[in-house]
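Visitor: Below you'll find the structure I mean.
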Amino acid sequence: MGVLCIMVLIMEKIYENFCDYGCGQYAKYKFKNGKYCCSKSKNSCPENKRIRGLARKGIKHSKESKKKMSDAKLGSKNRLYGKERKPETKLKIGKSNKGREISISLRKKISEKTKEGMKKKEVITKMKELGELKRLTIEAINEKYPFFSKIEEMRYNPENEKEIQVRCKNRKCPNSKEQDGWFSPTYIQLYERIRQLEKDYGNGGCYFYCCETCKKECILYGLKSDPFQGNESSYTEYEYKVFREFVLERDEYICQYCGDLATDVHHEKPKKIEPFFSLDPDYAWSCCEKCHYKKGHRDECSTGNLAKKNC
């Protein structure tokens, strides 16, 4: 009799630790309501998933619901935002999609969405401007976009006279101004750079980079200063720090006036007068503190005149 009681107690203990939601798996978690479950949440239990799936079968979401669900996954709201898939994962996805055929209905949907997107005003305007750029010469660009022409150097490709070339912003690249190199940008690159320099809403970004490696290596990539905001300073403290380090490293911490150790960075175009060039290293050089104020800020560009904007 005693053995039977012990067996019953053991069986009760075993069954007590099985999932109470009917999946038949061993329970790992105990909830506040006293129930046991195989997962941290009851919604993750396989049996609960199956029941919910059956309940939703045949239900169609309205257009408003679909839009809400789509918006909830856009940009930074998406759990995969800013993350890059591992090479192994990419390979698995590629293998799973190999030989997969897209249904006719899905093809039609993709085609319809593409046509709708092409009808938008901003897309039409962009396509027109891109078409114009393809036909423009350097002389025509100089005339139509004077500010862009003042900032960026251009030339024709010696091997193809119709192809425009520019310089890469990464100073370590063989195609940069520092290395006396050139490369041929895409029309999209040319369009975006002109747009950021010539349009009222532009922030002076979208520098020219000949490849993704140059873009990642250049510390200036990603700076988004806006000199038209009306703030006292045309850049943030972090952006100035990055800019300052870039100029000092470029000049190897040597004063460009006397050759001593450089501690300051001088703006050729004063930031209070021409804020657009505040973070442009082409208009800045390294100098020591003595030379900075003795030779950098003198005569009409003295500190007093700069403060009063009389320079």
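Chain labels follow the order of the structure tokens: the first chain is A, the next B, and so on; residue numbering restarts at 1 in every chain, and ligands are counted from 1 in their shown order.
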So which residues touch region 125-135 of chain A within 9 Å, counting only C-alpha atoms, skipping near sequence neighbours fewer than 6 positions away, as a list in words?
Guide: Ile141, Tyr187, Ile188, Leu190 and Tyr191 of chain A
Visitor: Can I get the selection written as a PDB file, in the first residue's frame, with all heavy atoms?
Guide:
```pdb
ATOM      1  N   ILE A 141      27.128  72.798 -66.800  1.00  0.00           N
ATOM      2  CA  ILE A 141      26.988  72.622 -65.345  1.00  0.00           C
ATOM      3  C   ILE A 141      27.527  73.850 -64.612  1.00  0.00           C
ATOM      4  O   ILE A 141      26.918  74.330 -63.652  1.00  0.00           O
ATOM      5  CB  ILE A 141      27.719  71.342 -64.877  1.00  0.00           C
ATOM      6  CG1 ILE A 141      26.983  70.095 -65.386  1.00  0.00           C
ATOM      7  CG2 ILE A 141      27.814  71.281 -63.346  1.00  0.00           C
ATOM      8  CD1 ILE A 141      27.707  68.790 -65.141  1.00  0.00           C
ATOM      9  N   TYR A 187      25.444  59.099 -62.556  1.00  0.00           N
ATOM     10  CA  TYR A 187      24.584  60.286 -62.670  1.00  0.00           C
ATOM     11  C   TYR A 187      23.776  60.515 -61.397  1.00  0.00           C
ATOM     12  O   TYR A 187      23.444  61.654 -61.068  1.00  0.00           O
ATOM     13  CB  TYR A 187      23.666  60.153 -63.889  1.00  0.00           C
ATOM     14  CG  TYR A 187      24.398  60.340 -65.199  1.00  0.00           C
ATOM     15  CD1 TYR A 187      24.648  59.271 -66.046  1.00  0.00           C
ATOM     16  CD2 TYR A 187      24.873  61.591 -65.560  1.00  0.00           C
ATOM     17  CE1 TYR A 187      25.337  59.440 -67.239  1.00  0.00           C
ATOM     18  CE2 TYR A 187      25.569  61.781 -66.745  1.00  0.00           C
ATOM     19  CZ  TYR A 187      25.801  60.703 -67.578  1.00  0.00           C
ATOM     20  OH  TYR A 187      26.497  60.883 -68.743  1.00  0.00           O
ATOM     21  N   ILE A 188      23.482  59.424 -60.676  1.00  0.00           N
ATOM     22  CA  ILE A 188      22.770  59.554 -59.388  1.00  0.00           C
ATOM     23  C   ILE A 188      23.651  60.296 -58.388  1.00  0.00           C
ATOM     24  O   ILE A 188      23.188  61.188 -57.670  1.00  0.00           O
ATOM     25  CB  ILE A 188      22.386  58.157 -58.828  1.00  0.00           C
ATOM     26  CG1 ILE A 188      21.328  57.478 -59.705  1.00  0.00           C
ATOM     27  CG2 ILE A 188      21.890  58.265 -57.390  1.00  0.00           C
ATOM     28  CD1 ILE A 188      19.939  58.075 -59.614  1.00  0.00           C
ATOM     29  N   LEU A 190      26.092  62.396 -59.043  1.00  0.00           N
ATOM     30  CA  LEU A 190      26.192  63.782 -59.507  1.00  0.00           C
ATOM     31  C   LEU A 190      24.931  64.564 -59.152  1.00  0.00           C
ATOM     32  O   LEU A 190      24.997  65.688 -58.642  1.00  0.00           O
ATOM     33  CB  LEU A 190      26.412  63.781 -61.030  1.00  0.00           C
ATOM     34  CG  LEU A 190      27.075  65.002 -61.657  1.00  0.00           C
ATOM     35  CD1 LEU A 190      28.450  65.257 -61.057  1.00  0.00           C
ATOM     36  CD2 LEU A 190      27.179  64.829 -63.159  1.00  0.00           C
ATOM     37  N   TYR A 191      23.792  63.940 -59.374  1.00  0.00           N
ATOM     38  CA  TYR A 191      22.500  64.575 -59.085  1.00  0.00           C
ATOM     39  C   TYR A 191      22.362  64.878 -57.594  1.00  0.00           C
ATOM     40  O   TYR A 191      21.972  65.987 -57.201  1.00  0.00           O
ATOM     41  CB  TYR A 191      21.369  63.655 -59.555  1.00  0.00           C
ATOM     42  CG  TYR A 191      19.998  64.033 -59.037  1.00  0.00           C
ATOM     43  CD1 TYR A 191      19.264  65.064 -59.613  1.00  0.00           C
ATOM     44  CD2 TYR A 191      19.444  63.361 -57.944  1.00  0.00           C
ATOM     45  CE1 TYR A 191      18.027  65.423 -59.129  1.00  0.00           C
ATOM     46  CE2 TYR A 191      18.202  63.717 -57.455  1.00  0.00           C
ATOM     47  CZ  TYR A 191      17.493  64.741 -58.044  1.00  0.00           C
ATOM     48  OH  TYR A 191      16.262  65.086 -57.538  1.00  0.00           O
TER      49      TYR A 191
END
```
Visitor: Which parts of region 60-246 of chain A does DSSP call helix (DSSP H, G or I) when run on the backbone here, written out as a PyMOL selection string?
Guide: chain A and resi 63-71+75-77+87-97+104-118+121-135+138-144+146-151+187-198+212-217+237-246
Visitor: Taking only C-alpha atoms into account, name the residue in A:Phe208, A:Tyr293, A:Phe147, A:Tyr240 that is nearest to Lys177 (chain A).
Guide: A:Phe208
Visitor: Can you tell me, as a list in words, which residues in region 38-214 of chain A count as strand (DSSP E) by DSSP?
Guide: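 Going through region 38-214 of chain A, the strand (DSSP E) residues come out as Arg155, Tyr156, Asn157, Asn160, Glu161, Lys162, Glu163, Ile164 and Gln165 of chain A.
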Visitor: Name all residues at most 12 Å from Asp180 (chain A) (count only C-alpha atoms; drop same-chain ones fewer than 6 positions away) and give them as number ranges by chain.
Guide: A: 153, 166-174
Visitor: List the spatial neighbours of Lys144 (chain A) as a list in words - criterion: any atom at most 12 Å away, only C-alpha atoms, same-chain residues fewer than 5 positions off excluded.
Guide: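 Final neighbour list, sorted by chain and number: Glu132, Leu133, Leu136, Thr137, Ile138, Glu139, Ser149, Lys150, Ile194 and Glu198 of chain A.
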Visitor: For CA of Ile93 (chain A) and CA of Pro46 (chain A), quote the distance in Å rounded to one decimal.
Guide: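 Computing it gives 25.0 Å between the two atoms.
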Visitor: Skipping near chain neighbours, those fewer than 5 positions away, what residues fall within 7 Å of region 258-269 of chain A using only C-alpha atoms, listed as number ranges by chain?
Guide: A: 244, 253, 274, 277, 283-289, 292, 296
Visitor: Restricting it to all heavy atoms, dump the selection as a short mmCIF file (atom, residue, chain, number, x, y, z; two decimals), in the first residue's frame.
Guide:
```
data_model
loop_
_atom_site.label_atom_id
_atom_site.label_comp_id
_atom_site.auth_asym_id
_atom_site.auth_seq_id
_atom_site.Cartn_x
_atom_site.Cartn_y
_atom_site.Cartn_z
N ARG A 244 38.12 68.45 -36.95
CA ARG A 244 39.41 68.91 -36.42
C ARG A 244 40.45 67.79 -36.48
O ARG A 244 41.58 68.00 -36.92
CB ARG A 244 39.21 69.39 -34.98
CG ARG A 244 40.45 70.01 -34.34
CD ARG A 244 40.12 70.54 -32.95
NE ARG A 244 41.29 71.11 -32.33
CZ ARG A 244 42.25 70.40 -31.72
NH1 ARG A 244 42.14 69.08 -31.66
NH2 ARG A 244 43.30 71.00 -31.18
N TYR A 253 49.96 66.96 -37.93
CA TYR A 253 50.14 67.78 -36.71
C TYR A 253 51.31 68.76 -36.85
O TYR A 253 52.01 69.06 -35.88
CB TYR A 253 50.34 66.89 -35.48
CG TYR A 253 49.09 66.14 -35.08
CD1 TYR A 253 48.76 64.92 -35.65
CD2 TYR A 253 48.21 66.68 -34.13
CE1 TYR A 253 47.60 64.24 -35.30
CE2 TYR A 253 47.06 66.01 -33.75
CZ TYR A 253 46.75 64.79 -34.35
OH TYR A 253 45.60 64.13 -33.99
N GLU A 274 31.10 82.63 -43.78
CA GLU A 274 30.70 81.61 -44.75
C GLU A 274 30.48 80.27 -44.04
O GLU A 274 31.33 79.38 -44.09
CB GLU A 274 31.75 81.47 -45.86
CG GLU A 274 31.91 82.74 -46.68
CD GLU A 274 32.73 82.49 -47.93
OE1 GLU A 274 32.29 81.70 -48.78
OE2 GLU A 274 33.81 83.09 -48.06
N PHE A 277 31.07 76.50 -45.39
CA PHE A 277 32.38 75.86 -45.50
C PHE A 277 32.95 75.49 -44.13
O PHE A 277 34.13 75.16 -44.01
CB PHE A 277 33.36 76.79 -46.22
CG PHE A 277 32.96 77.11 -47.62
CD1 PHE A 277 32.29 78.29 -47.92
CD2 PHE A 277 33.24 76.22 -48.65
CE1 PHE A 277 31.92 78.58 -49.22
CE2 PHE A 277 32.87 76.51 -49.96
CZ PHE A 277 32.20 77.68 -50.24
N TYR A 283 39.19 73.93 -47.06
CA TYR A 283 39.35 75.34 -46.69
C TYR A 283 39.81 75.48 -45.25
O TYR A 283 39.42 76.39 -44.53
CB TYR A 283 38.04 76.10 -46.91
CG TYR A 283 37.60 76.14 -48.35
CD1 TYR A 283 36.63 75.26 -48.83
CD2 TYR A 283 38.19 77.02 -49.25
CE1 TYR A 283 36.24 75.28 -50.17
CE2 TYR A 283 37.81 77.03 -50.58
CZ TYR A 283 36.84 76.17 -51.03
OH TYR A 283 36.46 76.19 -52.36
N ALA A 284 40.64 74.53 -44.80
CA ALA A 284 41.16 74.58 -43.43
C ALA A 284 42.55 73.97 -43.39
O ALA A 284 42.88 73.11 -44.20
CB ALA A 284 40.22 73.81 -42.49
N TRP A 285 43.39 74.46 -42.45
CA TRP A 285 44.71 73.87 -42.29
C TRP A 285 45.14 73.95 -40.83
O TRP A 285 44.60 74.73 -40.04
CB TRP A 285 45.74 74.52 -43.20
CG TRP A 285 45.91 75.99 -43.03
CD1 TRP A 285 46.64 76.62 -42.07
CD2 TRP A 285 45.35 77.02 -43.86
NE1 TRP A 285 46.58 77.97 -42.23
CE2 TRP A 285 45.79 78.25 -43.32
CE3 TRP A 285 44.54 77.03 -44.99
CZ2 TRP A 285 45.43 79.47 -43.88
CZ3 TRP A 285 44.18 78.25 -45.54
CH2 TRP A 285 44.63 79.44 -45.00
N SER A 286 46.14 73.14 -40.49
CA SER A 286 46.63 73.05 -39.11
C SER A 286 47.65 74.15 -38.82
O SER A 286 48.40 74.56 -39.71
CB SER A 286 47.29 71.69 -38.87
OG SER A 286 46.43 70.65 -39.24
N CYS A 287 47.65 74.63 -37.58
CA CYS A 287 48.62 75.65 -37.17
C CYS A 287 48.79 75.63 -35.65
O CYS A 287 47.95 75.09 -34.94
CB CYS A 287 48.19 77.04 -37.65
SG CYS A 287 46.55 77.51 -37.10
N CYS A 288 49.87 76.22 -35.16
CA CYS A 288 50.07 76.33 -33.71
C CYS A 288 49.25 77.50 -33.19
O CYS A 288 48.76 78.33 -33.97
CB CYS A 288 51.55 76.51 -33.39
SG CYS A 288 52.25 78.05 -34.05
N GLU A 289 49.11 77.59 -31.88
CA GLU A 289 48.25 78.64 -31.28
C GLU A 289 48.79 80.04 -31.59
O GLU A 289 48.01 80.95 -31.87
CB GLU A 289 48.19 78.41 -29.77
CG GLU A 289 47.17 79.30 -29.08
CD GLU A 289 47.06 79.02 -27.59
OE1 GLU A 289 47.73 78.08 -27.10
OE2 GLU A 289 46.31 79.74 -26.91
N HIS A 292 48.11 80.89 -35.24
CA HIS A 292 46.68 80.97 -35.50
C HIS A 292 46.16 82.39 -35.32
O HIS A 292 45.38 82.91 -36.13
CB HIS A 292 45.94 80.01 -34.57
CG HIS A 292 44.50 79.82 -34.92
ND1 HIS A 292 43.59 79.23 -34.09
CD2 HIS A 292 43.78 80.17 -36.03
CE1 HIS A 292 42.40 79.19 -34.67
NE2 HIS A 292 42.49 79.78 -35.84
N GLY A 296 46.77 83.98 -38.78
CA GLY A 296 45.46 83.53 -39.25
C GLY A 296 44.39 84.58 -39.11
O GLY A 296 43.61 84.85 -40.02
#
```
